[in-house]
Structures are given as C-alpha cells and as structure tokens.
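Heads up, input-v1.txt below (compact mmCIF, C-alpha atoms and all ligand atoms):
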# COMPACT_ATOMS: atom_id res chain seq x y z
CA ALA Z 1 -29.51 7.39 7.10
CA ALA Z 2 -27.89 4.99 4.65
CA GLN Z 3 -26.32 1.95 6.28
CA PHE Z 4 -22.70 0.90 5.82
CA ALA Z 5 -20.57 -1.59 7.70
CA VAL Z 6 -17.21 -3.28 7.91
CA PHE Z 7 -17.13 -7.05 8.38
CA GLY Z 8 -14.20 -8.71 10.13
CA HIS Z 9 -13.29 -11.08 12.92
CA PRO Z 10 -12.10 -9.50 15.15
CA ILE Z 11 -13.32 -6.05 14.14
CA ALA Z 12 -13.93 -3.99 17.31
CA HIS Z 13 -10.83 -1.80 16.85
CA SER Z 14 -11.42 -1.03 13.16
CA LEU Z 15 -10.77 2.58 12.15
CA SER Z 16 -13.14 2.32 9.17
CA PRO Z 17 -16.23 3.78 10.91
CA GLN Z 18 -14.26 6.85 11.98
CA ILE Z 19 -12.70 7.28 8.51
CA HIS Z 20 -16.01 6.99 6.64
CA GLN Z 21 -17.77 9.36 9.05
CA ALA Z 22 -14.98 11.89 8.57
CA PHE Z 23 -15.27 11.60 4.77
CA ALA Z 24 -19.07 11.92 4.98
CA ARG Z 25 -18.79 15.14 7.02
CA GLN Z 26 -16.76 16.70 4.19
CA PHE Z 27 -19.88 16.49 2.00
CA GLY Z 28 -22.60 16.90 4.63
CA ILE Z 29 -23.68 13.29 4.04
CA ALA Z 30 -25.43 11.53 6.94
CA LEU Z 31 -24.66 7.82 7.17
CA GLU Z 32 -24.48 5.01 9.66
CA TYR Z 33 -21.33 2.94 9.58
CA ARG Z 34 -20.93 0.07 12.03
CA THR Z 35 -18.65 -2.87 12.66
CA ILE Z 36 -20.05 -6.38 12.23
CA ASP Z 37 -18.11 -9.18 13.85
CA ALA Z 38 -18.85 -12.38 11.93
CA ALA Z 39 -17.13 -15.71 12.52
CA PRO Z 40 -16.12 -17.31 9.20
CA ALA Z 41 -19.01 -19.79 9.24
CA GLU Z 42 -21.48 -16.90 9.69
CA PHE Z 43 -19.94 -14.46 7.22
CA ALA Z 44 -21.98 -15.13 4.06
CA ALA Z 45 -25.31 -15.21 5.90
CA SER Z 46 -24.41 -12.07 7.84
CA VAL Z 47 -23.52 -10.21 4.62
CA ARG Z 48 -26.79 -11.29 2.96
CA ARG Z 49 -28.81 -10.14 5.98
CA PHE Z 50 -27.06 -6.77 5.94
CA PHE Z 51 -27.82 -6.12 2.28
CA ALA Z 52 -31.34 -7.58 2.47
CA ALA Z 53 -32.02 -5.01 5.22
CA GLY Z 54 -30.99 -2.20 2.87
CA GLY Z 55 -27.23 -1.98 3.48
CA ARG Z 56 -25.63 0.28 0.87
CA GLY Z 57 -22.05 -0.90 1.06
CA ALA Z 58 -19.65 -3.00 3.09
CA ASN Z 59 -15.95 -3.10 3.67
CA VAL Z 60 -14.47 -6.51 4.34
CA THR Z 61 -11.30 -7.24 6.24
CA LEU Z 62 -9.50 -10.23 7.74
CA PRO Z 63 -10.27 -13.07 7.61
CA HIS Z 64 -13.14 -12.64 5.11
CA LYS Z 65 -11.59 -11.13 1.97
CA ALA Z 66 -11.54 -14.40 0.02
CA ALA Z 67 -15.07 -15.29 1.12
CA ALA Z 68 -16.29 -11.85 0.06
CA PHE Z 69 -14.84 -12.41 -3.39
CA GLU Z 70 -16.51 -15.85 -3.58
CA LEU Z 71 -19.99 -14.77 -2.59
CA ALA Z 72 -20.16 -11.82 -5.00
CA ASP Z 73 -22.03 -12.06 -8.31
CA GLU Z 74 -19.83 -9.57 -10.16
CA ARG Z 75 -16.16 -8.82 -9.61
CA SER Z 76 -13.98 -5.92 -10.64
CA GLU Z 77 -10.85 -6.60 -12.66
CA ALA Z 78 -8.66 -5.74 -9.66
CA ALA Z 79 -10.59 -8.20 -7.49
CA VAL Z 80 -10.34 -10.97 -10.09
CA ARG Z 81 -6.57 -10.85 -10.42
CA VAL Z 82 -6.05 -10.68 -6.67
CA GLY Z 83 -8.74 -13.26 -5.87
CA THR Z 84 -10.06 -11.38 -2.83
CA ALA Z 85 -12.32 -8.40 -2.18
CA ASN Z 86 -12.38 -5.65 0.43
CA VAL Z 87 -15.49 -3.82 -0.82
CA LEU Z 88 -19.00 -5.14 -1.50
CA THR Z 89 -21.59 -2.99 -3.24
CA PRO Z 90 -25.21 -3.91 -3.97
CA LEU Z 91 -26.29 -3.73 -7.62
CA PRO Z 92 -29.75 -2.33 -8.48
CA ASP Z 93 -31.12 -5.86 -9.03
CA GLY Z 94 -29.98 -7.03 -5.60
CA ARG Z 95 -26.89 -8.89 -6.71
CA LEU Z 96 -23.51 -8.00 -5.16
CA ALA Z 97 -20.40 -6.54 -6.77
CA ALA Z 98 -16.93 -7.14 -5.30
CA HIS Z 99 -13.99 -4.77 -5.59
CA ASN Z 100 -10.44 -4.80 -4.33
CA THR Z 101 -8.99 -1.36 -3.62
CA ASP Z 102 -5.95 -2.43 -1.56
CA GLY Z 103 -3.32 -2.18 -4.28
CA ALA Z 104 -4.57 1.15 -5.60
CA GLY Z 105 -4.61 2.46 -2.03
CA LEU Z 106 -1.00 1.50 -1.42
CA VAL Z 107 0.17 3.03 -4.69
CA ARG Z 108 -1.70 6.27 -4.04
CA ASP Z 109 -0.24 6.53 -0.54
CA LEU Z 110 3.28 6.05 -1.94
CA THR Z 111 2.97 8.26 -5.01
CA GLU Z 112 0.68 11.05 -3.79
CA ARG Z 113 1.10 11.32 -0.02
CA HIS Z 114 4.79 10.35 0.03
CA ARG Z 115 5.52 11.78 -3.45
CA MET Z 116 7.42 8.72 -4.65
CA ASP Z 117 7.93 7.94 -8.30
CA LEU Z 118 7.85 4.14 -8.40
CA ARG Z 119 9.04 3.87 -11.97
CA GLY Z 120 12.38 2.14 -12.20
CA HIS Z 121 12.33 0.98 -8.60
CA ASP Z 122 13.44 -2.52 -7.67
CA ALA Z 123 10.91 -3.72 -5.12
CA LEU Z 124 11.07 -6.54 -2.61
CA LEU Z 125 7.79 -8.03 -1.45
CA LEU Z 126 8.03 -9.94 1.83
CA GLY Z 127 5.17 -12.41 2.05
CA ALA Z 128 2.92 -13.99 -0.55
CA GLY Z 129 -0.42 -14.34 1.26
CA GLY Z 130 -3.58 -12.33 0.79
CA ALA Z 131 -2.04 -8.97 1.66
CA ALA Z 132 0.89 -9.50 -0.73
CA ARG Z 133 -1.39 -10.56 -3.59
CA GLY Z 134 -3.50 -7.50 -2.90
CA VAL Z 135 -0.67 -5.12 -3.83
CA ALA Z 136 1.61 -7.07 -6.23
CA TRP Z 137 -0.12 -6.22 -9.52
CA SER Z 138 -0.66 -2.60 -8.56
CA LEU Z 139 3.05 -2.11 -7.85
CA LEU Z 140 3.87 -3.48 -11.29
CA ASP Z 141 1.18 -1.30 -12.89
CA ALA Z 142 2.69 1.71 -11.12
CA GLY Z 143 5.95 1.01 -12.91
CA VAL Z 144 8.29 -0.76 -10.51
CA ARG Z 145 11.02 -2.23 -12.67
CA THR Z 146 11.29 -5.54 -10.83
CA LEU Z 147 9.28 -7.21 -8.09
CA THR Z 148 11.15 -9.84 -6.09
CA ILE Z 149 8.80 -11.96 -4.00
CA VAL Z 150 10.21 -13.73 -0.96
CA ASN Z 151 8.09 -15.92 1.26
CA ARG Z 152 8.83 -18.26 4.15
CA THR Z 153 6.95 -20.94 2.22
CA PRO Z 154 8.52 -20.73 -1.25
CA GLU Z 155 5.69 -22.51 -3.08
CA THR Z 156 3.30 -19.67 -2.28
CA ALA Z 157 5.74 -17.10 -3.66
CA ASP Z 158 6.15 -19.18 -6.83
CA ALA Z 159 2.38 -19.42 -7.23
CA LEU Z 160 2.07 -15.62 -7.01
CA ALA Z 161 4.89 -15.07 -9.52
CA ASP Z 162 3.24 -17.60 -11.86
CA ALA Z 163 -0.11 -15.83 -11.52
CA ILE Z 164 1.54 -12.51 -12.43
CA GLY Z 165 3.13 -14.20 -15.42
CA GLU Z 166 5.81 -11.61 -16.17
CA PRO Z 167 8.97 -13.61 -15.39
CA ALA Z 168 11.32 -10.83 -16.51
CA ARG Z 169 9.84 -8.43 -13.93
CA ALA Z 170 8.33 -10.56 -11.15
CA HIS Z 171 10.34 -13.43 -9.73
CA THR Z 172 10.98 -15.21 -6.46
CA ARG Z 173 13.93 -15.82 -4.19
CA TYR Z 174 14.31 -17.95 -1.07
CA TRP Z 175 13.77 -16.51 2.41
CA GLU Z 176 17.10 -18.13 3.44
CA ASP Z 177 18.84 -16.07 0.73
CA LEU Z 178 17.73 -12.69 2.09
CA ASP Z 179 21.30 -12.30 3.39
CA ASP Z 180 22.83 -12.06 -0.07
CA ILE Z 181 20.00 -11.13 -2.35
CA GLY Z 182 21.31 -7.67 -3.34
CA SER Z 183 19.67 -4.40 -2.37
CA PHE Z 184 16.26 -2.87 -3.08
CA ASP Z 185 14.76 0.63 -3.33
CA LEU Z 186 11.34 -0.32 -2.01
CA ILE Z 187 10.72 -3.03 0.57
CA ILE Z 188 7.13 -3.95 1.37
CA ASN Z 189 6.34 -6.04 4.43
CA ALA Z 190 3.19 -7.99 3.54
CA THR Z 191 3.71 -10.76 6.06
CA SER Z 192 1.30 -11.15 8.95
CA ALA Z 193 4.15 -11.65 11.44
CA GLY Z 194 3.53 -8.27 13.12
CA VAL Z 195 -0.20 -8.86 13.35
CA LEU Z 196 0.54 -12.22 14.96
CA GLY Z 197 3.03 -10.63 17.35
CA LYS Z 198 5.96 -12.61 15.92
CA PRO Z 199 9.41 -11.12 15.22
CA LEU Z 200 10.64 -11.22 11.60
CA ASP Z 201 14.40 -11.16 12.27
CA LEU Z 202 15.45 -9.73 8.91
CA PRO Z 203 19.04 -8.96 7.87
CA PHE Z 204 19.91 -5.33 7.01
CA GLY Z 205 21.85 -6.01 3.82
CA PHE Z 206 19.01 -5.73 1.30
CA VAL Z 207 18.05 -2.20 2.36
CA GLY Z 208 19.44 0.09 -0.35
CA ASN Z 209 20.89 3.43 0.74
CA ARG Z 210 17.85 5.37 -0.48
CA ALA Z 211 15.34 2.65 0.34
CA THR Z 212 11.73 3.14 1.35
CA CYS Z 213 10.38 0.48 3.70
CA TYR Z 214 6.62 0.10 4.04
CA ASP Z 215 4.55 -2.15 6.27
CA LEU Z 216 1.03 -2.83 5.03
CA SER Z 217 -0.26 -2.95 8.60
CA TYR Z 218 -0.31 -0.06 11.06
CA GLY Z 219 -0.08 0.66 14.75
CA LYS Z 220 1.47 -1.96 16.98
CA ALA Z 221 1.48 -4.59 14.22
CA ALA Z 222 3.82 -2.44 12.10
CA ALA Z 223 6.07 -1.20 14.92
CA GLY Z 224 8.63 -4.02 14.72
CA PHE Z 225 9.21 -3.69 10.98
CA VAL Z 226 9.32 0.12 11.11
CA ALA Z 227 11.91 -0.02 13.92
CA TRP Z 228 13.93 -2.56 11.93
CA ALA Z 229 13.81 -0.32 8.84
CA ARG Z 230 15.07 2.70 10.82
CA ALA Z 231 17.87 0.59 12.30
CA ALA Z 232 18.75 -0.53 8.76
CA ASN Z 233 19.12 3.16 7.77
CA ALA Z 234 16.24 3.16 5.34
CA LEU Z 235 15.59 6.65 3.96
CA TYR Z 236 11.89 6.29 4.81
CA ALA Z 237 9.99 3.85 7.01
CA PHE Z 238 6.21 3.98 6.73
CA ASP Z 239 3.35 1.99 8.18
CA GLY Z 240 0.12 1.33 6.29
CA LEU Z 241 -2.13 3.93 7.92
CA GLY Z 242 -2.05 6.03 4.76
CA MET Z 243 -2.94 3.00 2.65
CA LEU Z 244 -5.90 2.28 4.93
CA VAL Z 245 -7.25 5.80 4.44
CA GLU Z 246 -6.71 5.64 0.65
CA THR Z 247 -8.47 2.26 0.30
CA ALA Z 248 -11.36 3.71 2.33
CA ALA Z 249 -11.49 6.70 -0.04
CA ASP Z 250 -11.91 4.37 -3.01
CA ALA Z 251 -14.78 2.57 -1.29
CA PHE Z 252 -16.35 5.93 -0.41
CA GLU Z 253 -16.15 7.05 -4.02
CA LEU Z 254 -17.72 3.79 -5.23
CA TRP Z 255 -20.64 4.27 -2.85
CA HIS Z 256 -21.15 8.04 -2.91
CA GLY Z 257 -19.67 9.10 -6.25
CA LYS Z 258 -17.50 11.69 -4.50
CA ARG Z 259 -13.79 11.83 -3.87
CA PRO Z 260 -12.97 12.73 -0.24
CA ASP Z 261 -9.92 14.72 0.82
CA THR Z 262 -7.84 12.07 2.58
CA ASP Z 263 -5.07 14.27 4.02
CA PRO Z 264 -6.95 15.80 6.98
CA VAL Z 265 -8.37 12.39 7.89
CA HIS Z 266 -4.97 10.74 7.66
CA ASP Z 267 -3.30 13.52 9.68
CA ALA Z 268 -5.92 13.34 12.44
CA LEU Z 269 -5.51 9.55 12.74
CA ARG Z 270 -1.73 9.96 12.77
CA ARG Z 271 -1.96 12.40 15.65
CA GLN Z 272 -4.32 10.06 17.46
CA TYR Z 273 -2.40 6.82 16.90
CA GLY Z 274 1.19 7.98 16.46
P1 LIG Z 301 -2.64 -11.92 5.02
O1 LIG Z 301 -4.04 -11.88 4.50
O2 LIG Z 301 -2.38 -11.02 6.19
O3 LIG Z 301 -1.64 -11.79 3.94
P2 LIG Z 301 -2.11 -14.73 4.94
O4 LIG Z 301 -2.78 -14.85 3.62
O5 LIG Z 301 -2.33 -15.77 5.97
O6 LIG Z 301 -2.50 -13.38 5.66
O7 LIG Z 301 -0.55 -14.57 4.66
C1 LIG Z 301 0.36 -14.39 5.70
C2 LIG Z 301 1.74 -14.16 5.11
O8 LIG Z 301 2.66 -13.82 6.16
C3 LIG Z 301 2.31 -15.38 4.42
O9 LIG Z 301 3.15 -14.94 3.37
C4 LIG Z 301 3.13 -16.01 5.55
O10 LIG Z 301 4.16 -16.87 5.13
P3 LIG Z 301 3.84 -18.43 4.85
O11 LIG Z 301 3.21 -18.49 3.50
O12 LIG Z 301 5.15 -19.08 4.92
O13 LIG Z 301 2.91 -18.87 5.96
C5 LIG Z 301 3.70 -14.79 6.18
N1 LIG Z 301 4.13 -14.99 7.58
C6 LIG Z 301 3.33 -15.13 8.65
N2 LIG Z 301 4.07 -15.24 9.78
C7 LIG Z 301 5.37 -15.18 9.40
C8 LIG Z 301 6.61 -15.24 10.10
N3 LIG Z 301 6.67 -15.38 11.43
N4 LIG Z 301 7.75 -15.15 9.37
C9 LIG Z 301 7.70 -14.98 8.04
N5 LIG Z 301 6.56 -14.93 7.32
C10 LIG Z 301 5.41 -15.02 7.99

Reformat the file's structure so that it appears as structure tokens.
Ligand code: ATR
Amino acid sequence: AAQFAVFGHPIAHSLSPQIHQAFARQFGIALEYRTIDAAPAEFAASVRRFFAAGGRGANVTLPHKAAAFELADERSEAAVRVGTANVLTPLPDGRLAAHNTDGAGLVRDLTERHRMDLRGHDALLLGAGGAARGVAWSLLDAGVRTLTIVNRTPETADALADAIGEPARAHTRYWEDLDDIGSFDLIINATSAGVLGKPLDLPFGFVGNRATCYDLSYGKAAAGFVAWARAANALYAFDGLGMLVETAADAFELWHGKRPDTDPVHDALRRQYG
C-alpha cells in the first residue's frame, strides 16, 4: 500500500493516521499512514529517507512547519505567504512540493461546518506565531472586515501586520490594551499558551454579544480558552478539531485527487474526544 506519514515532535498522540484512514475507507483506498517522531536536527534527513523509500505524502506539524517549508523545492502560494508548510508532496522528478492548508481548513470549518458568513466581521487574532500566520491571510481572503492582531510580544504582531500589508484592514494593538480595545465578532486564539499548559487570563470586555470564539488547538490544550469564552457569554465557542479534519481533507485531496466527506470523520472524533 502507498505510504504516508505525519512528522512531528512529539507526535505519538496525532489524530492524523486515524483521519486519513477514515477518509481512505470512503473510497476503498488502501494506504499506510504512520507517525514519525523526528527531533529538529533529524527532521530533514528523516523526510528525505521517507520519500526516497517511496513515501507518497507527508503531513508536518510542530515544531517542523518552518523546516518543511525550507527544505521543499517548490512552494504553493499559501505556503509562501505564511512561510511554513504542513503538507509535503513528492513531484514526479523526485523534488518536493510544500503546501500550507491550515488557513483554508480554518475558514472551511467556520463557513461550512459552522455556517458562518465571515464577511463584515471584525476579527481579533490572539498570537502572532506560526499558528497565527497560518490563518491570518485566509481570514482576510474570506472577507473579514478588519483583523486586529494582538501579541504578548508586540514586535511579532507588527511584523505580521507589515507582511500582510493592508494597514486599513489588518493592524495591531497592545496586549495590555485588551481591556479597552472595543469588541469583536470573531476571536481566534492562536497562542500556544494552552498547548504549554499556561493560563491566558483574558478580560471579557472584547467579546461582542454575538461573538464566535475559536481556539486553533483542540482537546485539553483548547479547554481553558473554550471555558473562558463560555464564561464571557460568547455565542459560540469552538476548538480546532474541525479545522484539523478540514486541513487533513485538503492534504488527502492533494495526494489522492478525491474530496473526502469530513462530517462523519469529524463527528466520530468529537464523540471520541469530547
Ligand atoms: P505556534 O506555531 O503554536 O504558533 P509559536 O510560533 O512559538 O508557536 O507562537 C506561539 C504564540 O503564542 C506567540 O504568539 C506567543 O507570544 P510571544 O510572541 O509573545 O512569545 C504566544 N504565547 C505563548 N505563550 C503565551 C502566553 N502564556 N501568553 C500569551 N501569549 C503566549
């Protein structure tokens, strides 16, 4: 069977093998999909070994997304603007192509699964690291009216706003000003605080009365932000499980040329992981 893998460090608890096998069953495709734990110093060599042995596609997660972008020979437009990659695909001549499907996955989860129309929304992006960059452009493409980027380290937020280069739509504010920054319709937590097990301690005031709050992570890492959003009376509080399934669907389509039905896979994971 064709070989696929997800590279990360750590990676043991990745849901990607289960998601890709569930997609493959929808089409009667037989594939092997494993996790490969590679320390950063080993990542590039490990990827090259995988593809030299006939690997047909790889997903890449923390902390390797920037390295995956660097080692590729060709890069999709979405990967270039974000500067990282979560999908590697071998080209017929043996070179590697990098894609980034994170932003598209988030937007599809919001607009199709949760039936949101993002046009005209004022969005707040908490964080300006890799995860935040991964979704910023896609939110603007999907029509959010403004994107306010707030990061603990303001220079990183400014660098992201500069890279976007649409000052009328995408701008930064200071983390210390979250108390009196106005209110937002869509609040995206792209910080790694939850993953690191650290509290975020956010004020409630910027949660608009019909606000959707969304954490890009899922499971335990998202629990603190989701609980905060409910306490702040957000209309909706979502974790990123749906985004994970949608980004996997994009990778699956790149590799197999077929669009899987994500809803049953998402619903099964939701039942399994709460
Ligand atoms: P990722 O790939 O998960 O985005 P990253 O690129 O290291 O990881 O970015 C982590 C983001 O979470 C950054 O925006 C970081 O803020 P700093 O730039 O100030 O480091 C943010 N972050 C991490 N821990 C945080 C905390 N306890 N409070 C607020 N922001 C935090």

Which protein, DNA or RNA residues have an atom within 9 Å of ligand LIG 301 (chain Z), counting only C-alpha atoms and all ligand atoms, as a PyMOL selection string?
chain Z and resi 61-63+65+126-134+150-157+175+189-201+216-217

Go ahead and compute the interatomic distance for atom CA of Arg95 of chain Z and atom CA of Glu74 of chain Z, in Å to one decimal.
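These atoms are spaced 7.9 Å apart.
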
Practice prompt. Might you pull out every residue within 7 Å of Asp215 of chain Z, with all atoms listed in the file counted and same-chain residues fewer than 5 positions away left off, and present them as number ranges by chain?
Written response: Z: 188-190, 222, 225, 238-240

Excluding His9 of chain Z and any residue of its chain fewer than 2 positions from it, enumerate the residues within 10 Å of it, using all atoms listed in the file, and give them as a count of residues only.
15

- Query: What is the distance between atom CA of Ala1 of chain Z and atom CA of Leu31 of chain Z, in Å to one decimal?
  - Reply: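 Going from atom CA of Ala1 of chain Z over to atom CA of Leu31 of chain Z, I get 4.9 Å.
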
Exercise for the section: Would you mind listing what lies within 9 Å of Phe51 of chain Z as an MDAnalysis selection string, with only C-alpha atoms counted and same-chain residues fewer than 3 positions away left out? Expected result: chainID Z and resid 46:48 54:58 89:90 94 96

Q | Interatomic distance (Å, one decimal) between atom CA of Ala249 of chain Z and atom CA of Asp263 of chain Z | A |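 A separation of 10.7 Å between them.
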
The residues within 9 Å of (3.6, -3.4, -7.3), using all atoms listed in the file and the coordinates of the file, should be reported as a ChimeraX atom specification; which are they? /Z:103,106-107,118,123,125,135-144,146-147

* Asked: From the list Z:Ile149, Z:Asp102, Z:Tyr273, Z:Glu166, which residue is nearest Ala78 of chain Z when using all atoms listed in the file?
  ->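 Counting all atoms listed in the file, the residue closest to Ala78 of chain Z is Z:Asp102.
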
- Which neighbours of segment 258-261 of chain Z fall inside 9 Å, counting only C-alpha atoms, when residues of the same chain fewer than 6 positions from it are skipped, and could you give them as a PyMOL selection string? chain Z and resi 23-24+26-27+249-250+252

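Here the question is which of Z:Ala163, Z:Ala45, Z:Val6, Z:Ala66 gets nearest to Arg81 of chain Z using only C-alpha atoms, and that residue is Z:Ala163.
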
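If all atoms listed in the file are the atoms counted, then among Z:Gly274, Z:Trp255, Z:Gln18, Z:Ala229 the closest residue to Leu88 of chain Z is Z:Trp255.
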
(-22.1, 4.6, 7.4) in this file's frame - what residues fall within 7 Å of it? Use all atoms listed in the file and give the answer as a list in words. Ala2, Gln3, Phe4, Ala5, Pro17, His20, Gln21, Leu31, Glu32, Tyr33 and Arg34 of chain Z

- Nearest residue to Gly28 of chain Z from the set Z:Leu269, Z:Glu77, Z:His256, Z:Leu124 (distances using only C-alpha atoms):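 Residue with the minimum atom-to-atom distance to Gly28 of chain Z: Z:His256.
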
Min atom-atom distance to Gly8 of chain Z from the set Z:Ala170, Z:Ala53, Z:Asn59, Z:Glu112, counting all atoms listed in the file, belongs to Z:Asn59
